[in-house]
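Each remark here refers to the structure printed beneath this line.
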Amino acid sequence: MSTLDLRGLNPAPVTPFTVDGDVDHAAMAGLGKWLASHDGVKSLVVLGHAGEGTFLTADEQVAVIEKLVEAVDVPIIAGITGEGTKVAVEEARRAVAAGATAGLVYPSHGWLRFGYQDGAPQDRYRALYEEAGLPLILFQYPDNTKATYNLDTQLEIAAQPGVFATKNGVRNMRRWDTEIPVLRAEHPDLQILSCHDEYLLHTMFDVDGLLVGYGGLAPEPLLELIAAGKARDYAAARAVHDRLLPVTKAVYHRGSHMEGTVALKLGLKARGVLPNATVRSPLIDLTPEAEAEIVQALKAAELV
């Protein structure tokens, strides 16, 4: 079992590209070093949705892990997104060889449309740990997808060898309020991480930390939010939430959550952390008006 401690902020950073569309490893290293310099950042989680991980080739995925492992002192966690279990195991083996400390396991994406057979998610986690030796994070998808796991499935995965944390993004507060206490009671050592970028205030008092793309743009206020949650200080947490609300709206209250990735890059450009906001197809650029809105929101939150 992993002894990896994620009780704090675990940003899921974007993957920078050059203006020609190649992975910009120098910019990635700079972003990683900036994030890791904040006290309370416990890991960097790459190759997920915010990191456009499924848009990279296998060689590019490996290189992102290798270069970040060289650049920063915090653990690197790799998103494992392969559709079939055999493909995912091979992806996990590459991540281990590249230096990843753990894996964030995405559901087989066919489940998003068609749902999953009982027992299939458990088999996916079992194979990944047994065949790749990678400590794993259970990823709970939103309630409005067919890839969301029922409580029994979550409990069974959490009980499996190698599973040490859960990233919960159910986005149904009724389920959150009823299922998280059960997970906590049945598996007290399971580290519970919220990934509700746009609903963080509600979840802050129930978690050990955050695993969010938002952390790649605004680590400073999110670390304040974590501290307020752990202190049970609602007033302080609400103040951070309210200060960040313009940024939350500009980044995450868009037409789709994927647009949030584009917005994150624009925000990092405005903060002077990235040299550009290049994205890879099928993502497309936002309008100049949207970029101006993001910049104004960051100014309102005193982040630029």
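So you can find residues: chains in the structure tokens are A, B, ... in the order shown, residues in each start at 1, and ligands are numbered from 1 in order.
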Close residues, Gln140 in chain A itself excluded, 7 Å, only C-alpha atoms, min 6 positions apart in chain, as a VMD selection string: chain A and resid 148 to 149 167 to 170
Within 10 Å of range 225-233 of chain A: each range 108-209 of chain A residue with its shortest pair, only C-alpha atoms, as CSV:
```
residue,atom,partner,partner_atom,distance
A:Leu200,CA,A:Leu225,CA,8.7
A:Leu201,CA,A:Leu225,CA,8.1
A:His202,CA,A:Gly229,CA,9.9
A:Thr203,CA,A:Gly229,CA,8.7
A:Met204,CA,A:Gly229,CA,5.1
A:Phe205,CA,A:Gly229,CA,4.8
A:Asp206,CA,A:Gly229,CA,8.0
A:Val207,CA,A:Gly229,CA,8.2
A:Asp208,CA,A:Lys230,CA,8.0
A:Gly209,CA,A:Ile226,CA,6.6
```
Nearest candidate to Glu289 in chain A (options A:Thr3, A:Gly40, A:Ile180, A:Leu266; using only C-alpha atoms):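 Nearest candidate to Glu289 in chain A out of A:Thr3, A:Gly40, A:Ile180, A:Leu266: A:Leu266.
Restricting the calculation to only C-alpha atoms, the smallest distance between Ser281 in chain A and any of A:Asn144, A:Glu293, A:Ala132, A:Leu56 is found for A:Leu56.
Taking only C-alpha atoms, the non-local environment of Val62 in chain A within 10 Å (same-chain residues fewer than 5 positions away omitted) comprises Leu47, Leu56, Thr57, Lys67, Ala78, Glu91, Arg94, Ala95, Val96, Ala97, Ala98, Gly99 and Ala100 of chain A.
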Exercise: range 244-257 of chain A partners within 9 Å, only C-alpha atoms, chain neighbours under 5 positions left out, as a PyMOL selection string: chain A and resi 197-198+214+218+221+239+262-264+267+290-291+293-298+300-301
Secondary structure check, strand (DSSP E or B) residues of range 48-280 of chain A, as a list in words: Ile76, Ile77, Ala78, Gly79, Ile80, Ala102, Gly103, Leu104, Val105, Leu136, Ile137, Leu138, Phe139, Gln140, Val163, Phe164, Ala165, Thr166, Lys167, Asn168, Gln191, Ile192, Leu193, Ser194, Gly209, Leu210, Leu211 and Val212 of chain A
Pairwise distance for CA of Gly21 in chain A and CA of Gly216 in chain A, rounded to one decimal in Å: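 Computing it gives 20.4 Å between the two atoms.
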Do a neighbour search on Gly30 in chain A at 9 Å with only C-alpha atoms, toss out local chain neighbours closer than 3 positions, and write the hits as a CSV table (one decimal) with N, CA and C atoms, in the first residue's frame.
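The resulting file, part-v9.csv, is reproduced below:
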```
chain,number,residue,atom,x,y,z
A,25,HIS,N,8.1,21.4,-22.9
A,25,HIS,CA,8.6,20.9,-21.6
A,25,HIS,C,9.3,21.9,-20.7
A,26,ALA,N,9.8,23.0,-21.3
A,26,ALA,CA,10.4,24.0,-20.5
A,26,ALA,C,9.3,24.8,-19.8
A,27,ALA,N,8.2,25.1,-20.5
A,27,ALA,CA,7.1,25.7,-19.8
A,27,ALA,C,6.4,24.8,-18.8
A,33,LYS,N,7.4,23.8,-11.2
A,33,LYS,CA,8.2,24.4,-10.1
A,33,LYS,C,7.4,25.4,-9.4
A,34,TRP,N,6.7,26.3,-10.1
A,34,TRP,CA,5.9,27.3,-9.5
A,34,TRP,C,4.9,26.7,-8.6
A,35,LEU,N,4.2,25.7,-9.0
A,35,LEU,CA,3.1,25.0,-8.2
A,35,LEU,C,3.8,24.4,-7.0
A,71,ALA,N,12.1,17.7,-12.8
A,71,ALA,CA,12.0,19.2,-12.5
A,71,ALA,C,11.6,19.5,-11.1
A,273,VAL,N,2.6,32.9,-15.8
A,273,VAL,CA,3.2,31.6,-15.6
A,273,VAL,C,3.5,30.9,-16.9
A,274,LEU,N,2.6,31.0,-17.9
A,274,LEU,CA,2.8,30.4,-19.2
A,274,LEU,C,3.0,31.5,-20.3
```
